[in-house]
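Asks: Structure supplied as protein05.cif; contents: mmCIF, C-alpha atoms.
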```
data_run
loop_
_atom_site.label_atom_id
_atom_site.label_comp_id
_atom_site.auth_asym_id
_atom_site.auth_seq_id
_atom_site.Cartn_x
_atom_site.Cartn_y
_atom_site.Cartn_z
CA MET A 1 -46.45 15.15 -82.21
CA SER A 2 -42.95 16.53 -81.64
CA ALA A 3 -40.47 15.06 -79.18
CA LEU A 4 -40.62 16.37 -75.62
CA THR A 5 -37.39 17.96 -74.39
CA VAL A 6 -36.27 19.05 -70.93
CA ASP A 7 -37.00 22.65 -71.94
CA GLY A 8 -40.49 21.52 -73.00
CA LEU A 9 -41.49 20.44 -69.49
CA HIS A 10 -44.28 22.73 -68.37
CA LYS A 11 -46.74 23.67 -65.68
CA SER A 12 -50.34 22.63 -66.42
CA GLY A 13 -53.21 25.08 -66.72
CA GLY A 14 -54.44 27.36 -69.44
CA ASP A 15 -53.76 25.63 -72.73
CA ARG A 16 -51.19 23.35 -71.12
CA GLU A 17 -52.41 19.80 -70.58
CA PRO A 18 -51.14 17.77 -67.61
CA LEU A 19 -48.01 15.73 -68.28
CA VAL A 20 -48.43 11.95 -68.51
CA ALA A 21 -45.66 9.66 -67.30
CA VAL A 22 -45.29 5.92 -66.79
CA THR A 23 -42.41 3.77 -65.70
CA ALA A 24 -40.78 1.61 -68.37
CA TYR A 25 -38.03 -0.96 -68.20
CA ASP A 26 -37.68 -2.48 -71.68
CA TYR A 27 -37.84 -1.73 -75.40
CA THR A 28 -41.24 -3.28 -76.14
CA PHE A 29 -43.27 -1.49 -73.48
CA ALA A 30 -41.35 1.76 -74.02
CA ARG A 31 -42.32 1.69 -77.69
CA LEU A 32 -45.97 0.97 -76.91
CA ALA A 33 -46.16 3.71 -74.27
CA ASP A 34 -44.48 6.16 -76.62
CA GLU A 35 -46.93 5.34 -79.40
CA ALA A 36 -49.86 5.71 -76.96
CA GLY A 37 -48.85 9.32 -76.33
CA VAL A 38 -47.06 9.14 -72.97
CA ASP A 39 -44.91 12.25 -72.41
CA ILE A 40 -42.30 10.88 -69.99
CA LEU A 41 -40.85 7.38 -69.71
CA LEU A 42 -39.41 6.99 -66.22
CA VAL A 43 -36.90 4.17 -65.91
CA GLY A 44 -37.60 3.67 -62.24
CA ASP A 45 -35.60 1.73 -59.71
CA SER A 46 -39.03 0.23 -59.01
CA LEU A 47 -37.75 -2.38 -61.46
CA GLY A 48 -36.23 -3.99 -58.38
CA MET A 49 -39.74 -4.92 -57.24
CA VAL A 50 -41.79 -5.38 -60.42
CA VAL A 51 -39.06 -6.86 -62.65
CA GLN A 52 -36.53 -8.45 -60.30
CA GLY A 53 -38.93 -9.54 -57.54
CA GLU A 54 -37.12 -7.78 -54.70
CA ALA A 55 -38.94 -6.53 -51.60
CA THR A 56 -37.62 -2.94 -52.02
CA THR A 57 -35.77 -0.80 -54.56
CA LEU A 58 -32.56 -0.87 -52.53
CA PRO A 59 -30.78 -3.81 -54.25
CA VAL A 60 -30.94 -2.15 -57.70
CA THR A 61 -27.47 -1.28 -58.99
CA LEU A 62 -26.23 1.37 -61.38
CA ASP A 63 -25.39 -1.32 -63.93
CA HIS A 64 -29.02 -2.49 -63.79
CA MET A 65 -30.23 1.05 -64.37
CA VAL A 66 -27.86 1.68 -67.28
CA TYR A 67 -28.98 -1.54 -68.99
CA HIS A 68 -32.71 -0.87 -68.62
CA THR A 69 -32.36 2.80 -69.55
CA ARG A 70 -30.58 1.82 -72.77
CA CYS A 71 -33.42 -0.60 -73.61
CA VAL A 72 -36.08 2.05 -72.99
CA SER A 73 -34.21 4.72 -74.96
CA ARG A 74 -34.20 2.48 -78.01
CA GLY A 75 -37.98 2.13 -77.86
CA ARG A 76 -39.03 5.77 -77.80
CA SER A 77 -39.36 8.29 -80.59
CA ARG A 78 -40.86 11.34 -78.81
CA ALA A 79 -41.15 10.75 -75.06
CA LEU A 80 -38.62 12.19 -72.64
CA VAL A 81 -36.57 9.47 -70.91
CA VAL A 82 -35.79 10.02 -67.22
CA ALA A 83 -33.71 7.52 -65.23
CA ASP A 84 -33.55 6.99 -61.49
CA LEU A 85 -30.25 7.21 -59.69
CA PRO A 86 -30.25 4.03 -57.58
CA PHE A 87 -29.68 3.95 -53.82
CA ARG A 88 -25.94 3.27 -53.81
CA ALA A 89 -25.03 5.52 -56.74
CA TYR A 90 -25.33 9.15 -55.58
CA LYS A 91 -25.67 9.72 -51.85
CA ALA A 92 -21.98 9.56 -50.92
CA SER A 93 -21.07 12.84 -52.64
CA PRO A 94 -21.99 15.14 -55.53
CA ALA A 95 -19.01 13.74 -57.42
CA GLN A 96 -20.39 10.20 -57.10
CA ALA A 97 -23.76 11.46 -58.34
CA LEU A 98 -22.09 13.10 -61.34
CA ASP A 99 -20.27 9.91 -62.32
CA SER A 100 -23.48 7.88 -62.04
CA ALA A 101 -25.62 10.42 -63.88
CA ALA A 102 -23.05 10.69 -66.66
CA ARG A 103 -23.22 6.93 -67.20
CA LEU A 104 -27.03 6.98 -67.35
CA MET A 105 -26.94 9.73 -69.96
CA ALA A 106 -23.93 8.60 -72.03
CA GLU A 107 -24.52 4.83 -71.91
CA GLY A 108 -28.25 4.71 -71.19
CA GLY A 109 -29.38 7.54 -73.44
CA CYS A 110 -31.66 9.36 -70.99
CA GLU A 111 -32.12 13.14 -71.00
CA MET A 112 -32.64 13.61 -67.26
CA VAL A 113 -31.93 11.81 -63.99
CA LYS A 114 -34.14 11.60 -60.91
CA LEU A 115 -32.94 11.50 -57.33
CA GLU A 116 -34.74 11.24 -54.01
CA GLY A 117 -34.42 13.60 -51.09
CA GLY A 118 -34.88 17.19 -50.02
CA ARG A 119 -32.48 19.49 -48.22
CA ALA A 120 -29.70 16.90 -48.10
CA MET A 121 -29.72 16.73 -51.90
CA VAL A 122 -29.67 20.47 -52.66
CA GLU A 123 -25.89 20.62 -53.05
CA THR A 124 -25.94 17.57 -55.32
CA VAL A 125 -28.71 19.00 -57.52
CA ALA A 126 -26.80 22.26 -57.94
CA PHE A 127 -23.57 20.37 -58.67
CA LEU A 128 -25.24 18.32 -61.40
CA GLN A 129 -27.14 21.23 -62.90
CA GLU A 130 -23.93 23.26 -63.19
CA ARG A 131 -22.42 20.37 -65.13
CA ASP A 132 -25.25 20.06 -67.67
CA ILE A 133 -27.11 17.18 -65.98
CA PRO A 134 -30.86 17.96 -65.83
CA VAL A 135 -32.35 16.76 -62.55
CA MET A 136 -35.84 15.73 -61.46
CA GLY A 137 -36.33 15.76 -57.70
CA HIS A 138 -38.49 13.38 -55.66
CA LEU A 139 -40.18 14.31 -52.37
CA GLY A 140 -42.84 12.86 -50.08
CA LEU A 141 -42.67 9.10 -49.86
CA THR A 142 -39.16 8.30 -51.08
CA PRO A 143 -38.94 4.51 -51.54
CA GLN A 144 -35.17 4.40 -51.00
CA SER A 145 -35.85 5.69 -47.46
CA VAL A 146 -38.46 3.03 -46.70
CA HIS A 147 -36.70 1.78 -43.57
CA GLN A 148 -36.07 5.30 -42.25
CA LEU A 149 -39.72 6.19 -42.87
CA GLY A 150 -40.97 3.02 -41.20
CA GLY A 151 -42.70 1.68 -44.31
CA TYR A 152 -44.61 2.93 -47.32
CA ARG A 153 -46.62 5.61 -45.55
CA VAL A 154 -48.29 8.86 -46.56
CA GLN A 155 -45.97 11.77 -45.80
CA GLY A 156 -46.57 15.39 -44.76
CA ARG A 157 -49.65 14.90 -42.61
CA SER A 158 -48.46 17.14 -39.76
CA PRO A 159 -48.36 20.94 -40.23
CA ASP A 160 -44.63 21.07 -39.46
CA ARG A 161 -43.75 18.33 -41.91
CA ALA A 162 -46.02 19.81 -44.58
CA ALA A 163 -44.35 23.22 -44.26
CA ALA A 164 -40.92 21.60 -44.38
CA LEU A 165 -41.84 19.71 -47.55
CA VAL A 166 -42.92 22.92 -49.29
CA GLU A 167 -39.59 24.52 -48.34
CA GLU A 168 -37.67 21.50 -49.60
CA ALA A 169 -39.46 21.77 -52.94
CA LEU A 170 -38.46 25.43 -53.18
CA ASP A 171 -34.89 24.56 -52.19
CA LEU A 172 -34.67 21.96 -54.97
CA GLU A 173 -36.04 24.44 -57.49
CA ARG A 174 -33.55 27.10 -56.43
CA ALA A 175 -30.76 24.55 -56.76
CA GLY A 176 -31.72 23.97 -60.39
CA ALA A 177 -34.11 21.00 -60.42
CA ARG A 178 -36.17 21.07 -63.63
CA ALA A 179 -39.12 19.01 -62.35
CA LEU A 180 -40.34 17.25 -59.24
CA VAL A 181 -42.08 13.98 -58.40
CA LEU A 182 -44.32 14.18 -55.36
CA GLU A 183 -45.35 10.81 -53.94
CA ALA A 184 -47.98 9.81 -51.38
CA VAL A 185 -48.85 13.15 -49.79
CA PRO A 186 -52.25 14.64 -48.93
CA ARG A 187 -54.01 16.38 -51.80
CA ASP A 188 -54.00 19.82 -50.14
CA LEU A 189 -50.25 19.64 -49.56
CA ALA A 190 -49.65 18.58 -53.15
CA ARG A 191 -51.62 21.62 -54.31
CA ARG A 192 -49.54 23.89 -52.07
CA VAL A 193 -46.30 22.51 -53.46
CA THR A 194 -47.52 22.73 -57.05
CA GLU A 195 -48.61 26.35 -56.60
CA SER A 196 -45.41 27.29 -54.76
CA VAL A 197 -42.84 26.20 -57.34
CA GLY A 198 -42.33 27.25 -60.94
CA ILE A 199 -41.28 23.80 -62.13
CA PRO A 200 -43.72 21.03 -63.06
CA VAL A 201 -44.80 18.76 -60.21
CA ILE A 202 -45.70 15.22 -61.23
CA GLY A 203 -47.82 13.41 -58.70
CA ILE A 204 -48.12 9.78 -57.74
CA GLY A 205 -50.64 9.35 -54.95
CA ALA A 206 -50.71 13.14 -54.58
CA GLY A 207 -54.17 13.96 -55.93
CA PRO A 208 -55.33 15.65 -59.13
CA ASP A 209 -53.91 19.14 -58.62
CA CYS A 210 -50.35 18.47 -59.77
CA ASP A 211 -48.96 19.35 -63.21
CA GLY A 212 -48.90 15.70 -64.26
CA GLN A 213 -49.30 12.12 -63.11
CA VAL A 214 -47.06 9.07 -63.12
CA LEU A 215 -47.86 5.42 -62.40
CA VAL A 216 -45.91 2.19 -62.50
CA LEU A 217 -46.58 0.50 -65.84
CA GLN A 218 -47.28 -2.89 -64.25
CA ASP A 219 -49.97 -1.27 -62.10
CA VAL A 220 -51.60 0.44 -65.09
CA LEU A 221 -51.70 -2.83 -67.04
CA GLY A 222 -52.68 -5.02 -64.09
CA LEU A 223 -49.58 -7.17 -64.51
CA PHE A 224 -48.18 -6.94 -60.98
CA GLU A 225 -50.31 -8.88 -58.51
CA GLY A 226 -48.27 -8.14 -55.42
CA PHE A 227 -48.86 -5.04 -53.31
CA GLN A 228 -51.08 -2.51 -55.07
CA PRO A 229 -51.00 1.05 -53.69
CA ARG A 230 -54.33 2.76 -53.07
CA PHE A 231 -53.41 5.47 -55.57
CA ALA A 232 -52.81 3.05 -58.46
CA LYS A 233 -55.54 2.31 -61.00
CA ARG A 234 -55.61 -0.78 -63.21
CA TYR A 235 -56.72 -0.09 -66.78
CA MET A 236 -56.74 -3.77 -67.79
CA ASP A 237 -56.39 -7.25 -66.31
CA GLY A 238 -53.01 -7.85 -67.85
CA ALA A 239 -52.11 -10.76 -65.60
CA GLY A 240 -55.33 -12.57 -66.47
CA ALA A 241 -54.90 -11.94 -70.21
CA VAL A 242 -51.33 -13.24 -70.12
CA ARG A 243 -52.34 -16.35 -68.19
CA ASP A 244 -55.17 -17.03 -70.65
CA ALA A 245 -52.86 -16.67 -73.63
CA LEU A 246 -50.17 -18.91 -72.17
CA GLY A 247 -52.80 -21.43 -71.09
CA GLY A 248 -54.05 -21.54 -74.68
CA PHE A 249 -50.51 -22.14 -75.90
CA CYS A 250 -50.06 -24.97 -73.39
CA ARG A 251 -53.33 -26.63 -74.43
CA GLU A 252 -52.61 -26.45 -78.15
CA VAL A 253 -49.09 -27.85 -77.82
CA ARG A 254 -50.31 -30.74 -75.67
CA SER A 255 -53.23 -31.49 -77.98
CA GLY A 256 -51.13 -31.30 -81.14
CA ALA A 257 -53.05 -28.29 -82.51
CA PHE A 258 -49.87 -26.20 -82.57
CA PRO A 259 -47.80 -25.97 -84.66
CA ALA A 260 -50.13 -26.41 -87.66
CA ASP A 261 -49.13 -26.51 -91.35
CA GLU A 262 -49.04 -22.68 -91.57
CA HIS A 263 -46.46 -22.58 -88.78
CA SER A 264 -44.17 -25.17 -90.41
CA PHE A 265 -41.60 -25.09 -93.24
CA GLU A 266 -41.65 -27.52 -96.19
#
```
Show me the file's structure as structure tokens.
Replies:
Amino acid sequence: MSALTVDGLHKSGGDREPLVAVTAYDYTFARLADEAGVDILLVGDSLGMVVQGEATTLPVTLDHMVYHTRCVSRGRSRALVVADLPFRAYKASPAQALDSAARLMAEGGCEMVKLEGGRAMVETVAFLQERDIPVMGHLGLTPQSVHQLGGYRVQGRSPDRAAALVEEALDLERAGARALVLEAVPRDLARRVTESVGIPVIGIGAGPDCDGQVLVLQDVLGLFEGFQPRFAKRYMDGAGAVRDALGGFCREVRSGAFPADEHSFE
């Protein structure tokens, strides 16, 4: 299977299968996800919650993102690597966004950056696109706006807000965004957005009618036992498997069963 490029991002339908994306934060899991056939590795600022133990994504810094993006980039052979621009790294001005995005690409090795926001980010998206920085937008529930939104709530329920969200998606596309993440919106609205734009829409809590799906890796593997969104599905009990393995290690060390002769040097 050949490597996915920015130009290879596509709408689903016909002979085009939906895009598959997961978040990744380190070399080991990036390599495993890549080998499993994942199309997009998203180095999300969600690392603030599932890796660093923070309550929100807001404390994540650009240095954190550069470090984790570099780790993920080393672990992939064919997946497209997309990195989040963190809260304090792009909202002040398009020039700030360019400096931050350039670091994520040059030092982190990603091919695309993702930023949150609609109409307020149109100028920034156009500024980056004109300077050879591919951009993925993010609409709906935008976690960096959690306090402004009043919590992690489904967005676009009212007719006015739904219509505005469709227009924001079109605005981002016109500005040069190459793809869009749509988070926590009603299924019908997600379908409207997906049908309205010519760029791929990747859903998370947006129903099955998008051009692809993304989930947080720790949710997929059942490793994160904190808050679990309704839209997340666990494909294994990772936390239980890890506890069992570490419990076995503890028991064998304490009983003297490990290390045995085969684990020792003469």
Asks: Do you know which residues are at most 12 Å from His68 of chain A counting all atoms listed in the file, after dropping those on the same chain fewer than 4 positions away, and could you put them as JSON, numbers by chain?
Replies: {"A": [23, 24, 25, 26, 27, 28, 29, 30, 41, 42, 43, 44, 45, 46, 47, 48, 51, 52, 60, 61, 62, 63, 64, 72, 73, 74, 75, 81, 82, 83, 84, 104, 107, 108, 109, 110]}
Asks: Kindly resolve the PyMOL selection byres ((chain A and resi 132) around 12) on the present coordinates and return the residues as a list in words.
Replies: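 Applying the PyMOL selection byres ((chain A and resi 132) around 12) to the structure shown produces Val6, Leu98, Ala101, Ala102, Met105, Glu111, Met112, Val113, Val125, Ala126, Phe127, Leu128, Gln129, Glu130, Arg131, Ile133, Pro134, Val135, Gly176, Ala177 and Arg178 of chain A.
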Asks: Can you pull out the residues contacting Arg192 of chain A? Cut-off 8 Å, using all atoms listed in the file, and skip same-chain residues under 4 positions away; I want them as a list in words.
Replies: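 Those residues are Val166, Asp188 and Ser196 of chain A.
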Asks: Which residue gives the smallest distance to Phe227 of chain A among A:Leu58, A:Gln96, A:Tyr152, A:Leu9, with only C-alpha atoms counted?
Replies: A:Tyr152
Asks: Between A:Ser100, A:Ser158, A:Gly240, A:Glu168, which one has atoms that come closest to Ala120 of chain A, using all atoms listed in the file?
Replies: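 Among the listed residues, A:Glu168 lies closest to Ala120 of chain A.
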Asks: How far is it from atom CA of Gly198 of chain A to atom CA of Met65 of chain A, in Å with one decimal?
Replies: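 A separation of 29.1 Å between them.
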Asks: Could you check the closest approach to Asp34 of chain A for each of A:Met49, A:Ala239, A:Leu4, A:Leu215 and tell me which residue wins, using only C-alpha atoms?
Replies: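 Closest to Asp34 of chain A, using only C-alpha atoms: A:Leu4.
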Asks: Residues within 10 Å of Arg234 of chain A, please, as a PyMOL selection string. Count all atoms listed in the file; anything in the same chain fewer than 2 positions from it doesn't count.
Replies: chain A and resi 215+217-224+228+232+236-238
